[in-house]
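The file coords-v1.cif comes next; it holds mmCIF, N, CA and C atoms.
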data_protein
#
loop_
_atom_site.label_atom_id
_atom_site.label_comp_id
_atom_site.auth_asym_id
_atom_site.auth_seq_id
_atom_site.Cartn_x
_atom_site.Cartn_y
_atom_site.Cartn_z
N ASP A 1 118.89 110.03 89.49
CA ASP A 1 117.97 109.26 88.67
C ASP A 1 116.57 109.84 88.82
N GLU A 2 115.93 110.16 87.70
CA GLU A 2 114.61 110.78 87.75
C GLU A 2 113.56 109.91 88.41
N GLY A 3 113.65 108.58 88.26
CA GLY A 3 112.62 107.70 88.77
C GLY A 3 112.77 107.37 90.23
N GLU A 4 113.88 107.74 90.85
CA GLU A 4 114.12 107.40 92.24
C GLU A 4 113.23 108.23 93.16
N PHE A 5 112.61 107.57 94.14
CA PHE A 5 111.76 108.28 95.08
C PHE A 5 112.63 108.90 96.15
N ILE A 6 112.54 110.20 96.28
CA ILE A 6 113.24 110.92 97.33
C ILE A 6 112.15 111.57 98.18
N PRO A 7 112.01 111.14 99.43
CA PRO A 7 110.96 111.73 100.25
C PRO A 7 111.10 113.24 100.31
N SER A 8 109.99 113.91 100.17
CA SER A 8 110.02 115.36 100.22
C SER A 8 109.94 115.82 101.66
N ASP A 9 110.11 117.09 101.84
CA ASP A 9 109.96 117.70 103.16
C ASP A 9 108.58 117.35 103.70
N SER A 10 108.52 116.66 104.82
CA SER A 10 107.25 116.20 105.35
C SER A 10 106.34 117.35 105.77
N SER A 11 106.88 118.54 105.86
CA SER A 11 106.05 119.68 106.22
C SER A 11 105.18 120.13 105.05
N SER A 12 105.44 119.59 103.85
CA SER A 12 104.67 119.95 102.67
C SER A 12 103.19 119.71 102.93
N GLY A 13 102.84 118.48 103.29
CA GLY A 13 101.47 118.15 103.62
C GLY A 13 100.52 118.03 102.46
N SER A 14 100.91 118.47 101.26
CA SER A 14 100.04 118.43 100.09
C SER A 14 100.76 117.74 98.95
N TYR A 15 100.06 116.80 98.33
CA TYR A 15 100.63 116.02 97.22
C TYR A 15 99.63 115.96 96.09
N TRP A 16 100.16 115.74 94.88
CA TRP A 16 99.29 115.57 93.72
C TRP A 16 98.69 114.18 93.73
N LEU A 17 97.42 114.10 93.39
CA LEU A 17 96.74 112.85 93.05
C LEU A 17 96.59 112.87 91.54
N ALA A 18 96.49 111.69 90.94
CA ALA A 18 96.24 111.62 89.50
C ALA A 18 95.22 110.52 89.23
N CYS A 19 94.43 110.71 88.20
CA CYS A 19 93.47 109.69 87.80
C CYS A 19 94.23 108.44 87.39
N GLY A 20 93.72 107.28 87.75
CA GLY A 20 94.42 106.01 87.52
C GLY A 20 94.71 105.69 86.07
N ALA A 21 94.01 106.31 85.13
CA ALA A 21 94.28 106.08 83.70
C ALA A 21 93.70 107.23 82.90
N SER A 22 94.34 107.53 81.79
CA SER A 22 93.82 108.60 80.95
C SER A 22 92.42 108.26 80.44
N SER A 23 92.11 106.96 80.29
CA SER A 23 90.76 106.57 79.87
C SER A 23 89.73 106.92 80.93
N GLY A 24 90.14 106.95 82.19
CA GLY A 24 89.23 107.35 83.26
C GLY A 24 88.77 108.78 83.10
N ILE A 25 89.63 109.62 82.56
CA ILE A 25 89.29 111.01 82.33
C ILE A 25 88.42 111.13 81.08
N GLU A 26 88.81 110.43 80.03
CA GLU A 26 88.09 110.48 78.76
C GLU A 26 86.63 110.10 78.92
N TYR A 27 86.36 109.12 79.78
CA TYR A 27 85.00 108.63 79.97
C TYR A 27 84.35 109.19 81.22
N ASP A 28 84.91 110.27 81.76
CA ASP A 28 84.34 110.99 82.90
C ASP A 28 84.19 110.15 84.16
N HIS A 29 85.04 109.14 84.32
CA HIS A 29 85.01 108.36 85.56
C HIS A 29 85.75 109.11 86.66
N CYS A 30 86.80 109.83 86.30
CA CYS A 30 87.50 110.73 87.22
C CYS A 30 87.02 112.14 86.87
N ALA A 31 86.73 112.93 87.88
CA ALA A 31 86.24 114.29 87.63
C ALA A 31 87.33 115.17 87.01
N VAL A 32 88.59 114.91 87.39
CA VAL A 32 89.73 115.69 86.90
C VAL A 32 90.91 114.76 86.65
N ALA A 33 91.89 115.21 85.89
CA ALA A 33 93.08 114.41 85.64
C ALA A 33 94.00 114.40 86.86
N LYS A 34 94.03 115.54 87.57
CA LYS A 34 94.90 115.66 88.73
C LYS A 34 94.26 116.60 89.73
N GLU A 35 94.58 116.42 90.99
CA GLU A 35 94.10 117.32 92.02
C GLU A 35 95.01 117.24 93.22
N VAL A 36 94.88 118.19 94.10
CA VAL A 36 95.72 118.28 95.29
C VAL A 36 95.01 117.60 96.46
N ALA A 37 95.79 116.89 97.27
CA ALA A 37 95.25 116.26 98.48
C ALA A 37 96.19 116.53 99.64
N GLN A 38 95.62 116.67 100.82
CA GLN A 38 96.41 116.77 102.04
C GLN A 38 96.86 115.37 102.44
N ASP A 39 98.02 115.26 103.06
CA ASP A 39 98.59 113.94 103.35
C ASP A 39 97.77 113.11 104.33
N ASN A 40 96.81 113.71 105.03
CA ASN A 40 95.98 112.94 105.95
C ASN A 40 94.67 112.47 105.32
N GLU A 41 94.42 112.85 104.06
CA GLU A 41 93.25 112.34 103.33
C GLU A 41 93.52 110.88 102.97
N VAL A 42 92.46 110.17 102.56
CA VAL A 42 92.65 108.77 102.15
C VAL A 42 92.32 108.61 100.66
N HIS A 43 93.22 107.90 99.96
CA HIS A 43 93.07 107.63 98.53
C HIS A 43 93.68 106.27 98.23
N ASP A 44 93.57 105.86 96.96
CA ASP A 44 94.06 104.55 96.55
C ASP A 44 95.56 104.57 96.25
N VAL A 45 96.15 103.37 96.24
CA VAL A 45 97.61 103.24 96.13
C VAL A 45 97.98 102.39 94.92
N ARG A 46 98.88 102.92 94.12
CA ARG A 46 99.59 102.16 93.09
C ARG A 46 101.07 102.45 93.30
N CYS A 47 101.90 101.47 92.99
CA CYS A 47 103.34 101.61 93.24
C CYS A 47 104.13 101.50 91.94
N CYS A 48 105.30 102.11 91.93
CA CYS A 48 106.20 102.08 90.78
C CYS A 48 107.58 101.60 91.20
N ALA A 49 108.30 101.07 90.23
CA ALA A 49 109.69 100.63 90.44
C ALA A 49 110.47 100.90 89.18
N ASP A 50 111.76 101.14 89.35
CA ASP A 50 112.63 101.41 88.22
C ASP A 50 113.21 100.14 87.62
N THR A 51 113.07 99.03 88.35
CA THR A 51 113.51 97.72 87.86
C THR A 51 112.36 96.74 88.04
N GLN A 52 112.42 95.63 87.32
CA GLN A 52 111.37 94.62 87.38
C GLN A 52 111.31 94.01 88.78
N LEU A 53 110.13 94.06 89.39
CA LEU A 53 109.86 93.40 90.66
C LEU A 53 108.78 92.35 90.42
N PRO A 54 108.66 91.35 91.29
CA PRO A 54 107.60 90.35 91.10
C PRO A 54 106.23 91.02 90.95
N ASP A 55 105.50 90.62 89.92
CA ASP A 55 104.15 91.10 89.61
C ASP A 55 104.09 92.52 89.04
N PHE A 56 105.19 93.24 89.02
CA PHE A 56 105.19 94.58 88.44
C PHE A 56 105.37 94.45 86.93
N THR A 57 104.65 95.28 86.19
CA THR A 57 104.70 95.21 84.74
C THR A 57 104.96 96.57 84.12
N HIS A 58 105.49 96.52 82.91
CA HIS A 58 105.64 97.72 82.09
C HIS A 58 104.60 97.56 81.00
N LYS A 59 103.52 98.32 81.07
CA LYS A 59 102.36 98.11 80.21
C LYS A 59 102.38 98.86 78.89
N PHE A 60 102.74 100.13 78.93
CA PHE A 60 102.49 100.96 77.76
C PHE A 60 103.73 101.70 77.30
N ALA A 61 103.93 101.68 75.99
CA ALA A 61 105.03 102.45 75.41
C ALA A 61 104.84 103.93 75.68
N ARG A 62 103.57 104.38 75.81
CA ARG A 62 103.29 105.79 76.06
C ARG A 62 104.03 106.26 77.32
N CYS A 63 104.11 105.41 78.31
CA CYS A 63 104.78 105.77 79.56
C CYS A 63 106.24 106.14 79.29
N ALA A 64 107.00 105.22 78.73
CA ALA A 64 108.42 105.48 78.48
C ALA A 64 108.62 106.61 77.48
N ASN A 65 107.77 106.67 76.48
CA ASN A 65 107.89 107.73 75.47
C ASN A 65 107.60 109.10 76.06
N THR A 66 106.69 109.18 77.00
CA THR A 66 106.30 110.46 77.59
C THR A 66 107.31 110.93 78.63
N ILE A 67 107.74 110.04 79.50
CA ILE A 67 108.60 110.48 80.60
C ILE A 67 110.08 110.23 80.34
N GLY A 68 110.40 109.43 79.32
CA GLY A 68 111.79 109.27 78.92
C GLY A 68 112.54 108.13 79.61
N TYR A 69 111.86 107.34 80.40
CA TYR A 69 112.49 106.17 81.02
C TYR A 69 111.42 105.12 81.30
N LYS A 70 111.84 103.90 81.51
CA LYS A 70 110.93 102.78 81.71
C LYS A 70 110.55 102.66 83.18
N VAL A 71 109.26 102.49 83.45
CA VAL A 71 108.75 102.34 84.81
C VAL A 71 107.88 101.09 84.87
N TYR A 72 108.03 100.34 85.94
CA TYR A 72 107.19 99.18 86.18
C TYR A 72 106.16 99.56 87.24
N GLY A 73 104.92 99.15 87.04
CA GLY A 73 103.87 99.53 87.97
C GLY A 73 103.02 98.36 88.41
N GLU A 74 102.36 98.55 89.55
CA GLU A 74 101.47 97.51 90.07
C GLU A 74 100.44 98.14 91.00
N SER A 75 99.25 97.56 91.00
CA SER A 75 98.18 98.00 91.89
C SER A 75 97.98 97.02 93.04
N LYS A 76 98.15 95.75 92.76
CA LYS A 76 97.93 94.71 93.77
C LYS A 76 99.28 94.41 94.41
N ILE A 77 99.49 94.92 95.62
CA ILE A 77 100.77 94.80 96.31
C ILE A 77 100.70 93.61 97.27
N ASP A 78 101.55 92.61 97.02
CA ASP A 78 101.49 91.36 97.78
C ASP A 78 100.09 90.78 97.79
N GLY A 79 99.41 90.90 96.66
CA GLY A 79 98.08 90.32 96.50
C GLY A 79 96.94 91.15 97.08
N VAL A 80 97.22 92.36 97.54
CA VAL A 80 96.20 93.19 98.18
C VAL A 80 96.01 94.49 97.41
N CYS A 81 94.75 94.89 97.22
CA CYS A 81 94.41 96.19 96.66
C CYS A 81 94.24 97.15 97.83
N TYR A 82 95.04 98.20 97.86
CA TYR A 82 95.00 99.14 98.97
C TYR A 82 94.19 100.38 98.62
N THR A 83 93.06 100.53 99.30
CA THR A 83 92.19 101.68 99.13
C THR A 83 92.15 102.47 100.43
N ASN A 84 91.75 103.70 100.32
CA ASN A 84 91.54 104.54 101.51
C ASN A 84 92.74 104.57 102.45
N LYS A 85 93.89 104.92 101.90
CA LYS A 85 95.13 105.02 102.68
C LYS A 85 95.63 106.46 102.69
N THR A 86 96.25 106.87 103.80
CA THR A 86 96.87 108.20 103.86
C THR A 86 98.16 108.17 103.05
N TYR A 87 98.73 109.34 102.84
CA TYR A 87 99.99 109.43 102.11
C TYR A 87 101.08 108.60 102.80
N THR A 88 101.23 108.75 104.10
CA THR A 88 102.26 108.01 104.84
C THR A 88 102.05 106.51 104.74
N GLU A 89 100.80 106.07 104.83
CA GLU A 89 100.51 104.63 104.68
C GLU A 89 100.87 104.17 103.27
N ALA A 90 100.56 104.98 102.27
CA ALA A 90 100.86 104.62 100.88
C ALA A 90 102.36 104.48 100.65
N VAL A 91 103.15 105.41 101.20
CA VAL A 91 104.61 105.33 101.08
C VAL A 91 105.11 104.03 101.70
N GLY A 92 104.58 103.68 102.86
CA GLY A 92 104.99 102.46 103.55
C GLY A 92 104.61 101.19 102.80
N ILE A 93 103.43 101.19 102.20
CA ILE A 93 102.96 100.03 101.43
C ILE A 93 103.91 99.77 100.25
N CYS A 94 104.22 100.81 99.51
CA CYS A 94 105.12 100.64 98.36
C CYS A 94 106.52 100.26 98.83
N GLY A 95 107.00 100.89 99.86
CA GLY A 95 108.33 100.58 100.38
C GLY A 95 108.46 99.16 100.88
N SER A 96 107.34 98.57 101.35
CA SER A 96 107.38 97.22 101.91
C SER A 96 107.75 96.16 100.88
N VAL A 97 107.60 96.48 99.59
CA VAL A 97 107.96 95.53 98.54
C VAL A 97 109.13 96.04 97.68
N GLY A 98 109.83 97.04 98.19
CA GLY A 98 111.00 97.56 97.48
C GLY A 98 110.67 98.50 96.34
N SER A 99 109.45 99.04 96.35
CA SER A 99 109.06 99.99 95.30
C SER A 99 108.84 101.36 95.94
N ARG A 100 108.18 102.24 95.22
CA ARG A 100 107.96 103.61 95.67
C ARG A 100 106.62 104.08 95.13
N LEU A 101 106.11 105.15 95.71
CA LEU A 101 104.96 105.80 95.10
C LEU A 101 105.38 106.34 93.74
N CYS A 102 104.49 106.28 92.80
CA CYS A 102 104.76 106.83 91.48
C CYS A 102 104.73 108.35 91.55
N THR A 103 105.46 108.99 90.66
CA THR A 103 105.35 110.44 90.55
C THR A 103 104.03 110.76 89.84
N ALA A 104 103.57 111.99 89.99
CA ALA A 104 102.35 112.40 89.29
C ALA A 104 102.54 112.26 87.78
N GLU A 105 103.73 112.61 87.31
CA GLU A 105 104.02 112.51 85.88
C GLU A 105 103.88 111.06 85.38
N GLU A 106 104.38 110.11 86.15
CA GLU A 106 104.27 108.69 85.78
C GLU A 106 102.82 108.24 85.73
N LEU A 107 102.03 108.65 86.71
CA LEU A 107 100.62 108.28 86.72
C LEU A 107 99.88 108.89 85.54
N LEU A 108 100.13 110.16 85.27
CA LEU A 108 99.46 110.83 84.16
C LEU A 108 99.89 110.30 82.80
N ALA A 109 101.05 109.64 82.74
CA ALA A 109 101.53 109.04 81.49
C ALA A 109 101.09 107.58 81.36
N ASP A 110 100.17 107.15 82.22
CA ASP A 110 99.61 105.79 82.19
C ASP A 110 100.63 104.69 82.51
N CYS A 111 101.64 104.99 83.28
CA CYS A 111 102.65 103.99 83.63
C CYS A 111 102.08 102.87 84.50
N THR A 112 100.97 103.11 85.18
CA THR A 112 100.35 102.06 86.00
C THR A 112 98.95 101.71 85.54
N SER A 113 98.53 102.27 84.43
CA SER A 113 97.21 101.97 83.90
C SER A 113 97.04 100.48 83.64
N GLU A 114 95.87 99.97 83.90
CA GLU A 114 95.54 98.56 83.64
C GLU A 114 96.36 97.59 84.48
N THR A 115 96.77 97.98 85.68
CA THR A 115 97.52 97.06 86.53
C THR A 115 96.66 96.43 87.62
N GLY A 116 95.36 96.63 87.55
CA GLY A 116 94.47 95.91 88.45
C GLY A 116 93.76 96.76 89.49
N CYS A 117 92.94 96.07 90.28
CA CYS A 117 92.19 96.64 91.40
C CYS A 117 91.10 97.62 90.98
N MET A 118 90.84 97.72 89.68
CA MET A 118 89.82 98.64 89.16
C MET A 118 90.13 100.08 89.57
N PHE A 119 91.42 100.43 89.61
CA PHE A 119 91.84 101.77 90.02
C PHE A 119 91.96 102.74 88.85
N ASN A 120 91.68 102.31 87.62
CA ASN A 120 91.80 103.23 86.48
C ASN A 120 90.88 104.44 86.62
N ASN A 121 89.81 104.28 87.36
CA ASN A 121 88.83 105.36 87.51
C ASN A 121 88.91 106.02 88.88
N GLU A 122 90.01 105.83 89.58
CA GLU A 122 90.16 106.36 90.93
C GLU A 122 91.32 107.35 90.98
N MET A 123 91.30 108.22 91.97
CA MET A 123 92.39 109.16 92.19
C MET A 123 93.46 108.47 93.04
N ILE A 124 94.71 108.49 92.55
CA ILE A 124 95.82 107.72 93.11
C ILE A 124 96.86 108.67 93.71
N TRP A 125 97.40 108.29 94.86
CA TRP A 125 98.48 109.07 95.47
C TRP A 125 99.70 109.12 94.57
N SER A 126 100.37 110.26 94.53
CA SER A 126 101.68 110.36 93.88
C SER A 126 102.68 110.82 94.93
N SER A 127 103.95 110.68 94.60
CA SER A 127 105.02 111.14 95.49
C SER A 127 105.33 112.62 95.28
N THR A 128 104.65 113.25 94.33
CA THR A 128 104.96 114.62 93.94
C THR A 128 104.31 115.64 94.86
N PRO A 129 105.12 116.36 95.64
CA PRO A 129 104.54 117.39 96.50
C PRO A 129 104.02 118.56 95.67
N VAL A 130 102.96 119.17 96.12
CA VAL A 130 102.38 120.30 95.40
C VAL A 130 103.41 121.40 95.22
N SER A 131 104.26 121.59 96.19
CA SER A 131 105.26 122.66 96.10
C SER A 131 106.20 122.48 94.91
N THR A 132 106.32 121.26 94.40
CA THR A 132 107.17 121.00 93.25
C THR A 132 106.61 121.63 91.98
N TYR A 133 105.30 121.58 91.81
CA TYR A 133 104.70 122.02 90.56
C TYR A 133 103.65 123.11 90.73
N GLY A 134 103.36 123.52 91.93
CA GLY A 134 102.31 124.51 92.13
C GLY A 134 102.87 125.87 92.50
N ASN A 135 102.08 126.87 92.32
CA ASN A 135 102.38 128.22 92.78
C ASN A 135 103.76 128.73 92.40
N GLY A 136 104.06 128.71 91.11
CA GLY A 136 105.30 129.31 90.64
C GLY A 136 106.47 128.35 90.57
N GLY A 137 106.29 127.12 91.04
CA GLY A 137 107.36 126.15 90.92
C GLY A 137 107.48 125.67 89.49
N GLU A 138 108.50 124.89 89.23
CA GLU A 138 108.66 124.35 87.88
C GLU A 138 107.51 123.40 87.60
N SER A 139 107.16 123.26 86.35
CA SER A 139 106.12 122.30 86.01
C SER A 139 106.50 121.54 84.75
N THR A 140 106.00 120.35 84.65
CA THR A 140 106.19 119.57 83.44
C THR A 140 104.95 119.78 82.56
N GLU A 141 105.04 119.36 81.34
CA GLU A 141 103.91 119.51 80.43
C GLU A 141 102.67 118.83 80.99
N LEU A 142 102.83 117.65 81.60
CA LEU A 142 101.67 116.92 82.09
C LEU A 142 101.02 117.60 83.30
N LEU A 143 101.79 118.32 84.08
CA LEU A 143 101.24 118.93 85.29
C LEU A 143 100.87 120.40 85.13
N GLN A 144 101.07 120.98 83.96
CA GLN A 144 100.76 122.39 83.78
C GLN A 144 99.26 122.62 83.94
N GLY A 145 98.90 123.78 84.35
CA GLY A 145 97.50 124.11 84.54
C GLY A 145 97.11 124.02 85.99
N SER A 146 95.92 124.42 86.29
CA SER A 146 95.48 124.40 87.69
C SER A 146 94.96 123.01 88.05
N ALA A 147 94.96 122.75 89.33
CA ALA A 147 94.54 121.43 89.82
C ALA A 147 93.06 121.26 89.69
#
Any chance you could put this one into structure tokens?
Amino acid sequence: DEGEFIPSDSSSGSYWLACGASSGIEYDHCAVAKEVAQDNEVHDVRCCADTQLPDFTHKFARCANTIGYKVYGESKIDGVCYTNKTYTEAVGICGSVGSRLCTAEELLADCTSETGCMFNNEMIWSSTPVSTYGNGGESTELLQGSA
């Protein structure tokens, strides 16, 4: 299943971040659409699920149309907005409610846009290791180009 979170090799250490919403890029609130972060850096957390979970929503047709499947997203996890978290902390936060970190592709397709915490203009952790799409690896249309 494409939407299932499969932890990557923890030796990767580098993951894609994505701007919380395409509107954040359009209005220059995010400096870039995507960038690379080391797993010990701190960034904001949004979570995704392949099935409906409490408080998780499917906001935009663009998400399903772009990635080919339906994703439910949320920013406020158990009523809390999580900022300044490492990659490992972010994985644990999403896992604590039966969800997962979103892939970079899901974030770039606005699957979690407008889900709260004013994160549309922030760089959000993704589950996508840089090795998946960087330096000669396969890339999707949304992730093509340099970070």
Under the PyMOL selection byres ((chain A and resi 115) around 6.5), which residues of this model are included? Write them out as a PyMOL selection string.
chain A and resi 73-76+112-114+116-118
Which residue of A:Val36, A:Cys81, A:Gly95, A:His29 approaches Ser14 (chain A) most closely, using all atoms listed in the file:
A:Val36
Within 7 Å of Lys70 (chain A), counting only N, CA and C atoms, which residues show up once you throw out same-chain ones fewer than 3 positions away? Write them as a ChimeraX atom specification, please.
/A:49-51,63-64,67
Fewer than 5 positions away in the same chain doesn't count, so skip those; otherwise give me all residues within 6.5 Å of Thr103 (chain A), counting all atoms listed in the file, as a PyMOL selection string.
chain A and resi 108+126-128
Could you write out as a ChimeraX atom specification the residues that the PyMOL selection byres (((chain A and resi 56 and name CA) around 7) and name CA) matches in the shown file?
/A:52-55,57,72-74
Could you please fill out region 76-87 of chain A with all heavy atoms and send it back as a compact mmCIF listing (two decimals), in the frame of the given file?
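Ended up saving to out-v7.txt:
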# COMPACT_ATOMS: atom_id res chain seq x y z
N LYS A 76 98.15 95.75 92.76
CA LYS A 76 97.93 94.71 93.77
C LYS A 76 99.28 94.41 94.41
O LYS A 76 100.12 93.73 93.84
CB LYS A 76 97.32 93.47 93.12
CG LYS A 76 96.71 92.51 94.11
CD LYS A 76 96.02 91.35 93.42
CE LYS A 76 94.63 91.78 93.03
NZ LYS A 76 93.81 90.63 92.59
N ILE A 77 99.49 94.92 95.62
CA ILE A 77 100.77 94.80 96.31
C ILE A 77 100.70 93.61 97.27
O ILE A 77 99.87 93.60 98.18
CB ILE A 77 101.11 96.10 97.06
CG1 ILE A 77 101.00 97.30 96.13
CG2 ILE A 77 102.48 96.01 97.71
CD1 ILE A 77 101.85 97.24 94.87
N ASP A 78 101.55 92.61 97.02
CA ASP A 78 101.49 91.36 97.78
C ASP A 78 100.09 90.78 97.79
O ASP A 78 99.61 90.27 98.81
CB ASP A 78 102.01 91.55 99.21
CG ASP A 78 103.52 91.48 99.29
OD1 ASP A 78 104.15 90.95 98.35
OD2 ASP A 78 104.08 91.94 100.31
N GLY A 79 99.41 90.90 96.66
CA GLY A 79 98.08 90.32 96.50
C GLY A 79 96.94 91.15 97.08
O GLY A 79 95.80 90.70 97.10
N VAL A 80 97.22 92.36 97.54
CA VAL A 80 96.20 93.19 98.18
C VAL A 80 96.01 94.49 97.41
O VAL A 80 96.97 95.14 97.01
CB VAL A 80 96.62 93.52 99.64
CG1 VAL A 80 95.60 94.43 100.31
CG2 VAL A 80 96.81 92.25 100.44
N CYS A 81 94.75 94.89 97.22
CA CYS A 81 94.41 96.19 96.66
C CYS A 81 94.24 97.15 97.83
O CYS A 81 93.41 96.92 98.71
CB CYS A 81 93.10 96.12 95.88
SG CYS A 81 93.17 95.05 94.43
N TYR A 82 95.04 98.20 97.86
CA TYR A 82 95.00 99.14 98.97
C TYR A 82 94.19 100.38 98.62
O TYR A 82 94.57 101.16 97.77
CB TYR A 82 96.42 99.54 99.38
CG TYR A 82 97.16 98.43 100.08
CD1 TYR A 82 98.03 97.60 99.39
CD2 TYR A 82 96.97 98.21 101.44
CE1 TYR A 82 98.70 96.57 100.03
CE2 TYR A 82 97.64 97.18 102.09
CZ TYR A 82 98.50 96.37 101.38
OH TYR A 82 99.16 95.36 102.02
N THR A 83 93.06 100.53 99.30
CA THR A 83 92.19 101.68 99.13
C THR A 83 92.15 102.47 100.43
O THR A 83 92.49 101.94 101.50
CB THR A 83 90.76 101.26 98.75
OG1 THR A 83 90.23 100.47 99.82
CG2 THR A 83 90.74 100.44 97.47
N ASN A 84 91.75 103.70 100.32
CA ASN A 84 91.54 104.54 101.51
C ASN A 84 92.74 104.57 102.45
O ASN A 84 92.62 104.29 103.64
CB ASN A 84 90.28 104.09 102.27
CG ASN A 84 89.05 104.20 101.39
OD1 ASN A 84 88.88 105.19 100.68
ND2 ASN A 84 88.22 103.19 101.41
N LYS A 85 93.89 104.92 101.90
CA LYS A 85 95.13 105.02 102.68
C LYS A 85 95.63 106.46 102.69
O LYS A 85 95.49 107.18 101.71
CB LYS A 85 96.22 104.11 102.11
CG LYS A 85 95.85 102.63 102.12
CD LYS A 85 95.63 102.14 103.53
CE LYS A 85 95.19 100.69 103.57
NZ LYS A 85 94.79 100.27 104.91
N THR A 86 96.25 106.87 103.80
CA THR A 86 96.87 108.20 103.86
C THR A 86 98.16 108.17 103.05
O THR A 86 98.65 107.10 102.67
CB THR A 86 97.21 108.58 105.31
OG1 THR A 86 98.22 107.70 105.80
CG2 THR A 86 95.97 108.58 106.21
N TYR A 87 98.73 109.34 102.84
CA TYR A 87 99.99 109.43 102.11
C TYR A 87 101.08 108.60 102.80
O TYR A 87 101.77 107.82 102.15
CB TYR A 87 100.43 110.90 101.99
CG TYR A 87 101.77 111.05 101.33
CD1 TYR A 87 101.88 111.02 99.95
CD2 TYR A 87 102.93 111.19 102.08
CE1 TYR A 87 103.11 111.13 99.33
CE2 TYR A 87 104.17 111.31 101.47
CZ TYR A 87 104.25 111.27 100.10
OH TYR A 87 105.48 111.37 99.50
